[in-house]
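Here is the file coords37.txt (compact mmCIF, C-alpha atoms and all ligand atoms).
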```
# COMPACT_ATOMS: atom_id res chain seq x y z
CA MET A 1 185.58 134.87 96.55
CA LYS A 2 188.10 137.19 95.02
CA GLU A 3 186.60 137.56 91.56
CA ILE A 4 183.22 138.38 92.96
CA ASP A 5 184.49 141.31 94.96
CA ASN A 6 186.21 142.87 91.98
CA PRO A 7 184.30 145.80 90.58
CA ILE A 8 182.30 144.84 87.53
CA GLU A 9 181.66 147.22 84.68
CA ALA A 10 177.96 147.56 84.13
CA PRO A 11 176.48 148.61 80.78
CA VAL A 12 175.54 152.29 80.89
CA ASP A 13 171.90 153.08 80.32
CA GLN A 14 171.94 156.42 78.52
CA SER A 15 168.27 157.16 79.05
CA ARG A 16 168.73 157.62 82.80
CA THR A 17 169.44 161.28 83.53
CA ASN A 18 169.51 161.32 87.29
CA PRO A 19 173.16 160.89 88.29
CA LEU A 20 172.16 158.97 91.39
CA ALA A 21 170.11 156.43 89.43
CA ARG A 22 173.20 154.46 88.53
CA VAL A 23 174.36 154.33 92.09
CA PHE A 24 171.05 152.84 93.12
CA ASP A 25 171.08 150.44 90.18
CA GLU A 26 174.48 149.27 91.25
CA LEU A 27 173.28 148.77 94.81
CA VAL A 28 170.14 146.97 93.73
CA ARG A 29 172.07 144.64 91.48
CA PHE A 30 174.57 143.93 94.21
CA CYS A 31 171.80 143.07 96.65
CA ARG A 32 170.07 140.88 94.11
CA SER A 33 173.22 138.96 93.38
CA ARG A 34 173.79 138.31 97.08
CA SER A 35 170.34 137.02 97.94
CA MET A 36 169.64 134.27 95.49
CA PHE A 37 166.59 132.36 96.59
CA MET A 38 166.15 129.31 94.48
CA LEU A 39 163.17 127.22 93.74
CA HIS A 40 164.35 123.82 92.73
CA TYR A 41 161.72 122.02 90.83
CA CYS A 42 163.48 118.70 91.05
CA THR A 43 162.62 117.34 87.66
CA GLY A 44 165.31 114.73 87.32
CA CYS A 45 168.21 112.88 88.88
CA GLY A 46 170.47 115.96 88.85
CA ALA A 47 168.63 117.25 91.90
CA ILE A 48 170.58 114.82 94.03
CA GLU A 49 173.62 117.09 93.82
CA LEU A 50 171.81 119.93 95.56
CA PRO A 51 171.68 118.53 99.10
CA PRO A 52 175.50 118.20 99.26
CA ALA A 53 175.82 121.66 97.76
CA MET A 54 173.57 123.07 100.48
CA THR A 55 174.84 121.17 103.49
CA SER A 56 177.99 121.51 105.51
CA ARG A 57 180.69 120.50 103.07
CA PHE A 58 179.96 123.11 100.41
CA ASP A 59 177.36 125.18 102.24
CA MET A 60 175.78 127.35 99.60
CA GLU A 61 174.23 129.60 102.17
CA ARG A 62 177.52 131.34 102.86
CA LEU A 63 177.18 132.76 99.35
CA GLY A 64 173.65 133.93 100.02
CA ILE A 65 171.99 131.10 98.14
CA GLN A 66 169.05 129.49 99.82
CA PRO A 67 166.23 127.20 98.89
CA MET A 68 162.80 128.74 98.85
CA VAL A 69 159.45 127.13 99.10
CA THR A 70 157.15 128.93 96.72
CA PRO A 71 157.58 130.46 93.29
CA ARG A 72 156.48 133.87 94.52
CA GLN A 73 159.40 134.06 96.93
CA ALA A 74 162.07 132.74 94.63
CA ASP A 75 164.40 134.42 92.14
CA ILE A 76 166.00 131.42 90.55
CA LEU A 77 164.30 128.45 89.03
CA LEU A 78 166.57 125.45 88.97
CA ILE A 79 165.67 122.82 86.44
CA THR A 80 167.64 119.87 87.65
CA GLY A 81 167.52 117.31 84.91
CA TYR A 82 165.36 115.96 82.14
CA VAL A 83 162.02 117.65 81.59
CA SER A 84 159.29 115.49 80.21
CA ILE A 85 156.66 117.29 78.20
CA LYS A 86 154.23 116.75 81.03
CA THR A 87 156.64 118.30 83.52
CA LEU A 88 157.52 121.13 81.18
CA LYS A 89 153.97 122.40 81.43
CA ARG A 90 154.28 122.63 85.20
CA VAL A 91 157.70 124.19 84.94
CA ILE A 92 156.36 126.95 82.70
CA LEU A 93 153.45 127.52 85.07
CA THR A 94 155.91 127.84 87.93
CA TYR A 95 158.19 130.16 86.02
CA GLU A 96 155.38 132.50 85.07
CA GLN A 97 154.27 132.78 88.67
CA MET A 98 157.66 133.96 89.85
CA GLY A 99 158.08 137.67 90.27
CA SER A 100 160.56 139.44 87.99
CA PRO A 101 163.49 139.66 87.87
CA LYS A 102 163.88 135.94 87.71
CA TYR A 103 166.56 133.62 86.45
CA VAL A 104 166.57 130.10 85.11
CA ILE A 105 169.44 127.67 85.51
CA GLY A 106 169.41 124.44 83.55
CA ILE A 107 171.41 121.82 85.40
CA CYS A 108 172.44 118.60 83.64
CA SER A 109 173.03 117.62 80.03
CA CYS A 110 169.41 116.61 79.74
CA THR A 111 168.29 120.22 79.78
CA VAL A 112 170.80 121.10 77.07
CA ASN A 113 170.02 118.53 74.43
CA GLY A 114 167.96 115.75 75.92
CA GLY A 115 171.01 114.07 77.43
CA MET A 116 170.72 110.34 77.47
CA TYR A 117 167.00 110.67 76.78
CA TRP A 118 167.71 112.19 73.39
CA GLN A 119 165.67 109.47 71.72
CA SER A 120 162.72 109.58 74.09
CA TYR A 121 159.44 110.81 72.69
CA ALA A 122 158.44 112.21 76.08
CA THR A 123 161.48 114.34 76.93
CA ALA A 124 161.79 117.94 75.80
CA LYS A 125 165.23 118.48 74.32
CA GLN A 126 166.31 122.11 74.58
CA LEU A 127 164.99 123.88 77.60
CA ASP A 128 165.86 127.30 76.22
CA GLN A 129 163.25 126.96 73.52
CA TYR A 130 160.51 127.14 76.11
CA LEU A 131 162.04 129.23 78.88
CA PRO A 132 164.84 131.81 78.81
CA VAL A 133 167.77 129.94 80.35
CA ASP A 134 170.39 132.23 81.83
CA LEU A 135 172.93 129.56 82.51
CA TYR A 136 173.49 125.91 81.81
CA ILE A 137 175.51 123.70 84.10
CA ALA A 138 176.28 120.69 81.97
CA GLY A 139 177.28 117.26 83.14
CA CYS A 140 175.58 114.02 83.93
CA MET A 141 175.30 114.98 86.70
CA PRO A 142 177.35 118.08 87.58
CA ARG A 143 179.16 117.88 90.89
CA PRO A 144 178.37 120.33 93.70
CA GLU A 145 181.52 122.26 92.82
CA ALA A 146 180.17 122.77 89.34
CA VAL A 147 176.82 123.86 90.73
CA LEU A 148 178.54 126.40 92.97
CA GLU A 149 180.72 127.56 90.11
CA GLY A 150 177.61 128.08 88.03
CA MET A 151 175.92 129.97 90.83
CA ARG A 152 178.89 132.28 91.18
CA LYS A 153 178.88 132.86 87.49
CA LEU A 154 175.23 133.82 87.71
CA MET A 155 176.04 136.17 90.61
CA ASP A 156 178.60 137.92 88.44
CA ARG A 157 176.17 138.18 85.61
CA ILE A 158 173.39 139.54 87.78
CA ARG A 159 175.76 142.11 89.20
CA SER A 160 176.93 143.23 85.82
CA GLY A 161 173.38 143.29 84.49
CA GLU A 162 173.94 140.60 81.86
CA ALA A 163 171.52 138.06 83.24
CA ASP A 164 168.40 139.33 81.58
CA GLY A 165 166.73 136.18 80.36
CA TRP A 166 163.47 137.26 81.96
CA LYS A 167 163.45 140.36 79.81
CA ASP A 168 163.96 138.17 76.80
CA TYR A 169 160.88 136.18 77.75
CA TYR A 170 158.78 139.33 77.63
CA ARG A 171 160.42 140.67 74.51
CA ARG A 172 160.14 137.49 72.49
CA TYR A 173 157.13 135.98 74.17
CA ASP A 174 155.54 135.09 70.85
CA TRP A 175 158.46 132.86 69.91
CA TYR A 176 158.52 131.06 73.26
CA LEU A 177 154.75 130.65 73.17
CA GLY A 178 154.98 129.27 69.65
CA ASN A 179 157.38 126.57 70.79
CA GLN A 180 155.17 125.78 73.73
CA GLN A 181 152.12 125.50 71.50
CA HIS A 182 154.06 123.21 69.19
CA LEU A 183 154.33 120.71 72.03
CA PHE A 184 151.16 121.28 74.00
CA GLY A 185 148.68 122.04 71.26
CA ASP A 186 147.00 125.24 70.19
CA ASP A 187 144.77 125.51 73.21
CA TRP A 188 147.67 125.81 75.65
CA GLN A 189 147.23 128.57 78.22
CA THR A 190 148.48 129.56 81.65
CA PRO A 191 146.82 131.80 84.24
CA ALA A 192 149.59 134.39 83.88
CA ASP A 193 149.03 137.40 81.65
CA VAL A 194 152.51 137.65 80.20
CA ILE A 195 151.66 140.33 77.68
CA GLY A 196 150.22 142.51 80.43
CA GLU A 197 153.33 141.98 82.51
CA ALA A 198 155.51 142.86 79.57
CA SER A 199 153.84 146.23 79.21
CA HIS A 200 154.00 146.71 82.97
CA TYR A 201 157.77 146.35 82.87
CA ASP A 202 157.88 148.47 79.74
CA LEU A 203 159.34 145.60 77.80
CA ALA A 204 156.64 145.06 75.20
CA GLU A 205 158.38 144.91 71.84
CA PRO A 206 157.34 143.74 68.37
CA GLY A 207 158.26 140.18 69.32
CA THR A 208 155.97 140.15 72.32
CA GLU A 209 152.82 139.73 70.32
CA GLY A 210 152.32 137.86 67.10
CA GLU A 211 150.47 134.99 65.52
CA HIS A 212 150.93 132.71 68.51
CA THR A 213 149.65 135.20 71.05
CA ARG A 214 146.67 135.82 68.80
CA LEU A 215 146.01 132.10 68.81
CA LEU A 216 146.32 132.14 72.59
CA GLN A 217 143.79 134.92 72.89
CA GLN A 218 141.38 133.07 70.66
CA CYS A 219 141.60 129.86 72.67
CA GLN A 220 141.78 131.50 76.06
CA LYS A 221 139.03 130.55 78.40
CA PRO A 222 138.51 132.86 81.34
CA LEU A 223 139.62 131.22 84.53
CA GLU A 224 136.76 130.24 86.76
CA PRO A 225 137.07 130.67 90.49
CA GLN A 226 137.47 127.36 92.18
CA GLN A 227 134.37 126.27 93.98
CA THR A 228 134.86 124.82 97.39
CA PHE A 229 132.15 122.79 98.98
CA PHE A 230 131.90 122.07 102.61
CA GLN A 231 129.33 120.60 104.87
CA ILE A 232 127.24 122.78 107.16
CA GLY A 233 124.56 121.18 109.22
CA GLY A 234 123.95 118.34 106.84
CA SER A 235 123.41 120.36 103.69
CA LEU A 236 126.01 121.01 101.03
CA GLU A 237 126.65 124.71 100.61
CA LYS A 238 128.88 126.71 98.41
CA LYS A 239 131.59 128.69 100.10
CA GLY A 240 131.28 132.42 99.67
CA GLU A 241 127.54 132.42 99.37
CA SER A 242 125.70 133.98 102.23
CA HIS A 243 123.21 131.80 103.97
CA GLU A 244 121.01 133.90 106.15
CA MET B 1 154.35 73.40 101.22
CA SER B 2 155.11 74.05 97.60
CA LYS B 3 155.90 70.40 96.96
CA LYS B 4 152.48 69.37 98.10
CA VAL B 5 150.69 71.89 96.00
CA THR B 6 152.46 71.08 92.76
CA PRO B 7 150.75 67.79 91.80
CA TRP B 8 147.47 69.26 92.88
CA LEU B 9 147.98 72.18 90.54
CA ASP B 10 148.86 69.79 87.72
CA ASN B 11 145.64 67.87 88.25
CA LEU B 12 143.72 71.08 88.26
CA LEU B 13 145.23 72.27 85.03
CA GLN B 14 144.30 69.03 83.34
CA GLU B 15 140.70 70.12 83.61
CA ILE B 16 141.34 72.81 81.00
CA GLU B 17 141.92 72.03 77.37
CA GLY B 18 144.66 73.37 75.19
CA VAL B 19 147.18 74.30 77.85
CA GLU B 20 150.88 73.88 77.63
CA ILE B 21 152.61 73.79 80.97
CA ARG B 22 156.27 74.46 81.39
CA ARG B 23 157.66 74.12 84.84
CA LYS B 24 160.55 76.53 85.14
CA ASP B 25 161.49 75.42 88.64
CA SER B 26 159.71 74.24 91.74
CA ARG B 27 158.05 77.57 92.37
CA ARG B 28 157.55 78.91 88.91
CA VAL B 29 155.15 77.67 86.25
CA ARG B 30 154.58 79.00 82.79
CA ILE B 31 151.25 78.22 81.21
CA ASP B 32 150.53 78.92 77.56
CA ILE B 33 146.85 78.84 76.91
CA ALA B 34 144.34 79.75 74.23
CA ALA B 35 142.98 83.23 74.70
CA ASP B 36 139.40 82.02 75.12
CA SER B 37 140.26 79.76 78.04
CA LEU B 38 142.18 82.30 80.08
CA PRO B 39 139.25 83.55 82.19
CA THR B 40 138.46 79.94 83.10
CA LEU B 41 142.04 79.32 84.07
CA LEU B 42 142.19 82.43 86.22
CA GLU B 43 138.91 81.50 87.86
CA LEU B 44 140.28 78.07 88.72
CA LEU B 45 143.62 79.34 89.92
CA ARG B 46 142.03 81.95 92.10
CA GLY B 47 139.17 79.93 93.45
CA ARG B 48 140.77 76.54 93.93
CA ALA B 49 144.53 77.00 94.03
CA GLY B 50 144.87 80.16 96.06
CA TYR B 51 146.54 82.35 93.45
CA VAL B 52 144.85 85.45 94.81
CA HIS B 53 147.43 88.06 93.89
CA LEU B 54 147.62 89.37 90.35
CA SER B 55 151.07 90.97 90.38
CA ALA B 56 151.04 92.31 86.86
CA ILE B 57 149.68 92.06 83.39
CA THR B 58 152.29 92.73 80.76
CA CYS B 59 152.11 92.98 77.04
CA VAL B 60 154.57 92.02 74.32
CA ASP B 61 154.21 93.20 70.76
CA TRP B 62 155.05 90.42 68.25
CA ILE B 63 154.71 92.60 65.23
CA ASP B 64 155.92 89.99 62.73
CA ASP B 65 153.30 87.49 63.88
CA GLY B 66 150.62 90.15 63.97
CA GLN B 67 149.96 89.31 67.60
CA PHE B 68 150.09 90.73 71.07
CA GLU B 69 151.14 88.51 73.91
CA LEU B 70 149.49 89.16 77.26
CA VAL B 71 151.15 87.76 80.34
CA TYR B 72 149.24 87.43 83.59
CA GLN B 73 151.48 87.00 86.64
CA LEU B 74 149.76 85.30 89.54
CA TRP B 75 151.22 84.79 92.98
CA SER B 76 150.09 82.43 95.66
CA TYR B 77 150.87 83.33 99.25
CA GLU B 78 150.13 79.79 100.38
CA SER B 79 152.44 77.88 98.10
CA GLN B 80 154.83 80.80 97.57
CA SER B 81 154.81 80.20 93.86
CA LEU B 82 154.31 82.16 90.70
CA VAL B 83 152.20 81.21 87.73
CA SER B 84 152.52 83.20 84.53
CA ALA B 85 149.75 82.65 82.04
CA HIS B 86 150.58 83.61 78.47
CA ILE B 87 148.05 84.20 75.75
CA ARG B 88 148.28 85.56 72.24
CA ILE B 89 145.64 87.80 70.73
CA ALA B 90 145.38 89.18 67.23
CA ARG B 91 147.08 92.53 66.80
CA GLU B 92 144.15 93.80 64.78
CA PRO B 93 141.74 94.79 66.23
CA GLY B 94 143.55 94.13 69.51
CA VAL B 95 140.58 93.54 71.75
CA TYR B 96 140.41 91.28 74.76
CA VAL B 97 138.12 90.79 77.77
CA SER B 98 138.88 92.41 81.06
CA VAL B 99 139.59 90.26 84.11
CA PHE B 100 138.56 93.04 86.44
CA ASP B 101 135.72 90.97 87.87
CA LEU B 102 138.24 88.35 89.02
CA TYR B 103 141.13 90.57 90.03
CA GLN B 104 140.45 94.21 90.75
CA PRO B 105 144.04 95.44 90.35
CA ALA B 106 143.66 94.42 86.70
CA ALA B 107 141.94 97.74 86.08
CA PHE B 108 145.24 99.63 86.35
CA PHE B 109 147.26 97.18 84.30
CA GLU B 110 144.65 97.09 81.58
CA ARG B 111 144.40 100.84 81.47
CA ASP B 112 148.16 101.06 81.18
CA ILE B 113 148.33 98.49 78.38
CA HIS B 114 145.52 100.24 76.58
CA GLU B 115 147.49 103.46 76.70
CA MET B 116 150.87 102.02 75.77
CA PHE B 117 149.84 99.39 73.21
CA GLY B 118 146.32 100.35 72.21
CA VAL B 119 144.81 97.02 73.29
CA TYR B 120 141.19 97.50 74.27
CA PHE B 121 139.81 95.52 77.21
CA GLU B 122 136.10 94.96 77.09
CA GLY B 123 134.45 95.38 80.45
CA SER B 124 137.34 97.20 82.08
CA PRO B 125 136.01 99.98 84.28
CA ASP B 126 138.11 102.80 82.85
CA MET B 127 139.96 102.96 79.56
CA SER B 128 140.74 106.67 79.67
CA LYS B 129 144.23 108.17 79.67
CA PHE B 130 146.39 107.21 82.58
CA ILE B 131 149.99 108.40 82.52
CA LEU B 132 150.41 109.89 79.07
CA THR B 133 147.80 112.58 79.63
CA GLU B 134 149.60 115.03 77.38
CA TRP B 135 150.32 112.64 74.57
CA ASN B 136 148.36 112.70 71.35
CA GLY B 137 150.49 110.41 69.23
CA PRO B 138 150.08 106.69 68.60
CA PRO B 139 150.48 104.22 71.50
CA PRO B 140 154.22 104.60 71.99
CA MET B 141 155.13 101.04 72.96
CA ARG B 142 153.91 99.54 69.71
CA LYS B 143 156.82 98.31 67.65
CA GLU B 144 155.83 100.29 64.57
CA PHE B 145 156.16 103.56 66.47
CA ASP B 146 159.51 105.03 65.51
CA ALA B 147 160.50 107.14 68.51
CA GLU B 148 163.61 108.49 66.87
CA ALA B 149 161.77 109.72 63.79
CA TRP B 150 159.14 111.28 66.01
CA VAL B 151 161.80 113.04 68.07
CA ASN B 152 163.53 114.39 64.99
CA GLU B 153 160.25 115.68 63.67
CA THR B 154 159.14 117.30 66.91
CA PHE B 155 162.29 118.74 68.45
CA GLU B 156 165.23 120.71 67.28
CA TRP B 157 168.77 119.95 68.30
CA LYS B 158 171.31 122.28 69.68
CA ASP B 159 174.45 122.67 67.66
CA TYR B 160 177.08 120.27 68.99
CA GLN B 161 180.03 122.32 67.79
CA PRO B 162 179.31 125.94 68.66
CA ASP B 163 182.22 128.37 68.62
CA TRP B 164 182.55 128.67 72.36
CA LEU B 165 182.86 124.93 72.59
CA LYS B 166 185.57 124.83 69.95
CA GLU B 167 187.68 127.06 72.16
CA ILE B 168 187.22 124.71 75.06
CA THR B 169 188.01 121.72 72.84
CA GLU B 170 191.27 123.35 71.78
CA GLN B 171 192.23 123.58 75.42
CA GLY B 172 191.63 119.86 75.79
CA GLY B 173 188.07 119.81 77.11
CA GLY B 174 184.67 119.68 75.49
CA ILE B 175 183.18 116.96 73.35
CA VAL B 176 185.70 114.52 71.98
CA LYS B 177 183.39 112.80 69.52
CA THR B 178 180.40 114.31 67.79
CA PRO B 179 177.19 112.28 68.00
CA GLU B 180 177.52 111.46 64.30
CA GLU B 181 180.97 110.01 64.82
CA ALA B 182 179.84 108.10 67.87
CA ARG B 183 177.01 106.46 65.97
CA GLN B 184 179.11 105.34 63.04
CA LYS B 185 179.69 101.62 63.12
CA LYS B 186 183.24 100.43 63.14
CA PRO B 187 184.25 98.87 59.78
S1 LIG C 301 172.01 114.66 82.70
FE1 LIG C 301 172.23 112.68 83.70
S2 LIG C 301 172.01 113.10 85.89
FE2 LIG C 301 171.14 114.82 84.75
S3 LIG C 301 168.97 114.42 84.54
FE3 LIG C 301 170.00 113.68 82.70
S4 LIG C 301 170.41 111.53 83.11
FE4 LIG C 301 169.98 112.50 85.07
```

Let me see the structure of the file written as structure tokens.
Ligand code: SF4
Amino acid sequence: MKEIDNPIEAPVDQSRTNPLARVFDELVRFCRSRSMFMLHYCTGCGAIELPPAMTSRFDMERLGIQPMVTPRQADILLITGYVSIKTLKRVILTYEQMGSPKYVIGICSCTVNGGMYWQSYATAKQLDQYLPVDLYIAGCMPRPEAVLEGMRKLMDRIRSGEADGWKDYYRRYDWYLGNQQHLFGDDWQTPADVIGEASHYDLAEPGTEGEHTRLLQQCQKPLEPQQTFFQIGGSLEKKGESHE
Amino acid sequence: MSKKVTPWLDNLLQEIEGVEIRRKDSRRVRIDIAADSLPTLLELLRGRAGYVHLSAITCVDWIDDGQFELVYQLWSYESQSLVSAHIRIAREPGVYVSVFDLYQPAAFFERDIHEMFGVYFEGSPDMSKFILTEWNGPPPMRKEFDAEAWVNETFEWKDYQPDWLKEITEQGGGIVKTPEEARQKKP
């Protein structure tokens, strides 16, 4: 663990005037790097290396890395293997639901260049065209040591403030969306308002909006609340409606 | 059990015209039959020989003959034997009748074949998309579909020799052969 405990030089943000701000930033980054909650959307065979990485032999938890159950609670999205186009849609949905800051790790050669499914019409080739990937762990499949090594690398990068893929997603949303539309068609949409989030984090830049986001806004259908039906006394009633 | 059933099955099959029977071994029979007679054959096999389990329908694309081959795999629990009935249908327009009324699992197999090969089954309960719900291209299992060309058109490739990799290669790691080299045939 020696490298991790070495002090890491963080890039200096000149716009911050409060001298204490950097101390807090440092602290926040340290805490973030030591509580990595991962959501592993087990897309492919690479996921099989995670159980040994988590259980007694390698025991990820001693590094502060833990599996999490829902996207809202997780910081890291692990893509463990090939992503078919169908899965990619769900992966993007999951990613957009995660709270920022969030990190993406692409495990396996399949996420880098299609791996051994390079010729398959159904497998997306480069994951980083659709999601901002902070780190790739290549191999078919990478061993738990490699997974841990990658995790520690990510820790370092979070601590030094280099892991900012999520910012890139907001800054260049139009480009990512364009690639997504290329695969899923022009009417592709998710429930997340990425442009709104970008301005919330003060990250809206010229690349955030463009022709693809305009297309999105044209095709966007407002989400309808899901209607739940349940039986009361023999008649079918809509939930939420009063029945006095 | 199976020995007893075999001659009986042979007699039964003689009732249908235009069949070619090849006995692969004592528990496996291949029947080639004209497409029109297949429903009759299935009806007979199911009703009188106990082949109640349709394990699968598979499709083969014989693009040079302009035909699709449909293979119906039937299993009998009584005689523990498998009958595969092969038919050929014209590739264009690629339409055949559904056997859903005889074997209900056929609905899934037919839907799958419709999606993968574009064969239409008349009378099948549902011919809508099944697995490839996000796919708008041609039926991908047809032989004329060139997956590699489609992939090259749709996706971009990552550079196989980026600078950071060259450094690793110099130290003895990295990719030994580029994909181009790997695909070159030996002289
Ligand atoms: S790189 Fe290998 S192990 Fe990983 S998802 Fe692809 S085929 Fe599976």

Tell me, counting all atoms listed in the file, for each residue of chain A within 10 Å of chain B, which pair of atoms is nearest and how far apart they are in Å to one decimal, in rows ordered by chain and increasing number, as JSON lines.
```
{"residue": "A:Ile85", "atom": "CA", "partner": "B:Glu134", "partner_atom": "CA", "distance": 7.5}
{"residue": "A:Lys86", "atom": "CA", "partner": "B:Glu134", "partner_atom": "CA", "distance": 6.1}
{"residue": "A:Thr87", "atom": "CA", "partner": "B:Glu134", "partner_atom": "CA", "distance": 9.9}
{"residue": "A:Lys89", "atom": "CA", "partner": "B:Glu134", "partner_atom": "CA", "distance": 9.5}
{"residue": "A:Val112", "atom": "CA", "partner": "B:Lys158", "partner_atom": "CA", "distance": 7.5}
{"residue": "A:Asn113", "atom": "CA", "partner": "B:Lys158", "partner_atom": "CA", "distance": 6.2}
{"residue": "A:Gly114", "atom": "CA", "partner": "B:Trp157", "partner_atom": "CA", "distance": 8.7}
{"residue": "A:Trp118", "atom": "CA", "partner": "B:Val151", "partner_atom": "CA", "distance": 8.0}
{"residue": "A:Gln119", "atom": "CA", "partner": "B:Glu148", "partner_atom": "CA", "distance": 5.4}
{"residue": "A:Ser120", "atom": "CA", "partner": "B:Ala147", "partner_atom": "CA", "distance": 6.5}
{"residue": "A:Tyr121", "atom": "CA", "partner": "B:Val151", "partner_atom": "CA", "distance": 5.6}
{"residue": "A:Ala122", "atom": "CA", "partner": "B:Trp135", "partner_atom": "CA", "distance": 8.3}
{"residue": "A:Thr123", "atom": "CA", "partner": "B:Val151", "partner_atom": "CA", "distance": 9.0}
{"residue": "A:Ala124", "atom": "CA", "partner": "B:Phe155", "partner_atom": "CA", "distance": 7.4}
{"residue": "A:Lys125", "atom": "CA", "partner": "B:Phe155", "partner_atom": "CA", "distance": 6.6}
{"residue": "A:Gln126", "atom": "CA", "partner": "B:Lys158", "partner_atom": "CA", "distance": 7.0}
{"residue": "A:Asp128", "atom": "CA", "partner": "B:Lys158", "partner_atom": "CA", "distance": 9.9}
{"residue": "A:Gln129", "atom": "CA", "partner": "B:Glu156", "partner_atom": "CA", "distance": 9.1}
{"residue": "A:Asn179", "atom": "CA", "partner": "B:Phe155", "partner_atom": "CA", "distance": 9.5}
{"residue": "A:His182", "atom": "CA", "partner": "B:Thr154", "partner_atom": "CA", "distance": 8.1}
{"residue": "A:Leu183", "atom": "CA", "partner": "B:Thr154", "partner_atom": "CA", "distance": 7.8}
{"residue": "A:Phe184", "atom": "CA", "partner": "B:Glu134", "partner_atom": "CA", "distance": 7.3}
{"residue": "A:Gly185", "atom": "CA", "partner": "B:Asn136", "partner_atom": "CA", "distance": 9.3}
```

Select the residues contacting ligand LIG 301 (chain C) at a distance of at most 7 Å, based on all atoms listed in the file, then format the selection as a ChimeraX atom specification. /A:44-46,80-82,108-110,115-116,139-141

To test the calculation: enclose all listed atoms of region 77-86 of chain B in a box whose edges run along x, y and z, add 4 Å on each side, then state centre and edge lengths in Å to one decimal, as JSON.
```
{"center_x": 152.3, "center_y": 80.7, "center_z": 89.4, "size_x": 13.1, "size_y": 13.7, "size_z": 29.9}
```

May I ask which of the residues B:Leu54, B:Ile87, B:Gly66, B:Trp75 is the closest one to Val19 (chain B), counting all atoms listed in the file?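 Of all the options, B:Ile87 lies closest to Val19 (chain B).
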
For Gln161 (chain B), please output as a list of chain:residue names all residues within 12 Å (counting all atoms listed in the file; exclusion window: fewer than 6 positions along the same chain).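 These residues fall inside the cut-off: B:Glu167, B:Ile168, B:Thr169, B:Glu170, B:Gly174, B:Ile175, B:Val176, B:Lys177, B:Thr178, B:Pro179, B:Glu180.
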
Compare A:Glu145, A:Asp202, A:Asp134, A:Glu96 by their minimum atom-to-atom distance to Ile158 (chain A), counting only C-alpha atoms, and give me the closest one.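 Closest residue, counting only C-alpha atoms: A:Asp134.
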
When you look at Tyr170 (chain A) with a cut-off of 10 Å (counting all atoms listed in the file), what residues show up, excluding the ones that are within fewer than 3 positions of it in the same chain? I need them as a short mmCIF file (atom, residue, chain, number, x, y, z; two decimals) with C-alpha atoms, in the frame of the given file.
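This went into part-v5.cif:
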```
data_model
loop_
_atom_site.label_atom_id
_atom_site.label_comp_id
_atom_site.auth_asym_id
_atom_site.auth_seq_id
_atom_site.Cartn_x
_atom_site.Cartn_y
_atom_site.Cartn_z
CA PRO A 132 164.84 131.81 78.81
CA GLY A 165 166.73 136.18 80.36
CA TRP A 166 163.47 137.26 81.96
CA LYS A 167 163.45 140.36 79.81
CA TYR A 173 157.13 135.98 74.17
CA ASP A 174 155.54 135.09 70.85
CA TYR A 176 158.52 131.06 73.26
CA VAL A 194 152.51 137.65 80.20
CA ILE A 195 151.66 140.33 77.68
CA GLY A 196 150.22 142.51 80.43
CA GLU A 197 153.33 141.98 82.51
CA ALA A 198 155.51 142.86 79.57
CA SER A 199 153.84 146.23 79.21
CA TYR A 201 157.77 146.35 82.87
CA ASP A 202 157.88 148.47 79.74
CA LEU A 203 159.34 145.60 77.80
CA ALA A 204 156.64 145.06 75.20
CA GLU A 205 158.38 144.91 71.84
CA GLY A 207 158.26 140.18 69.32
CA THR A 208 155.97 140.15 72.32
CA GLU A 209 152.82 139.73 70.32
#
```

If we draw a sphere of 8 Å around (144.0, 83.7, 77.9), which residues have at least one atom in it when counting only C-alpha atoms? Please report them as a PyMOL selection string. chain B and resi 33-39+41+70+85-88

Near region 100-122 of chain B, 12 Å: region 8-65 of chain B residue rows, closest pairs, all atoms listed in the file, as CSV:
```
residue,atom,partner,partner_atom,distance
B:Leu38,CA,B:Leu102,CA,11.5
B:Pro39,CA,B:Leu102,CA,8.4
B:Thr40,CA,B:Leu102,CA,10.3
B:Leu41,CA,B:Leu102,CA,11.0
B:Leu42,CA,B:Leu102,CA,7.6
B:Glu43,CA,B:Leu102,CA,7.0
B:Leu44,CA,B:Leu102,CA,10.5
B:Leu45,CA,B:Leu102,CA,10.5
B:Arg46,CA,B:Leu102,CA,8.1
B:Gly47,CA,B:Leu102,CA,9.6
B:Tyr51,CA,B:Tyr103,CA,10.4
B:Val52,CA,B:Tyr103,CA,7.9
B:His53,CA,B:Tyr103,CA,7.8
B:Leu54,CA,B:Tyr103,CA,6.6
B:Ser55,CA,B:Pro105,CA,8.3
B:Ala56,CA,B:Phe109,CA,6.7
B:Ile57,CA,B:Phe109,CA,5.7
B:Thr58,CA,B:Ile113,CA,7.4
B:Cys59,CA,B:Ile113,CA,6.8
B:Val60,CA,B:Phe117,CA,8.8
B:Asp61,CA,B:Phe117,CA,8.0
B:Trp62,CA,B:Phe117,CA,11.5
B:Ile63,CA,B:Phe117,CA,11.6
```

How far is it from CA of Ser35 (chain A) to CA of Val133 (chain A), in Å with one decimal?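 Spanning CA of Ser35 (chain A) to CA of Val133 (chain A) is a straight-line distance of 19.1 Å.
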
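Relative to CA of Pro93 (chain B), CA of Gln73 (chain B) is found at 23.9 Å.
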
Between CA of Leu82 (chain B) and CA of Arg28 (chain B), what is the distance in Å, rounded to a tenth? 4.9 Å

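Using all atoms listed in the file, the protein and nucleic acid residues lying no more than 12 Å from Glu61 (chain A), apart from those fewer than 4 places from it along its own chain, are A:Arg34, A:Ser35, A:Met36, A:Phe37, A:Met38, A:Leu50, A:Pro51, A:Pro52, A:Ala53, A:Met54, A:Thr55, A:Ser56, A:Arg57, A:Ile65, A:Gln66, A:Pro67, A:Met68, A:Leu148, A:Met151.
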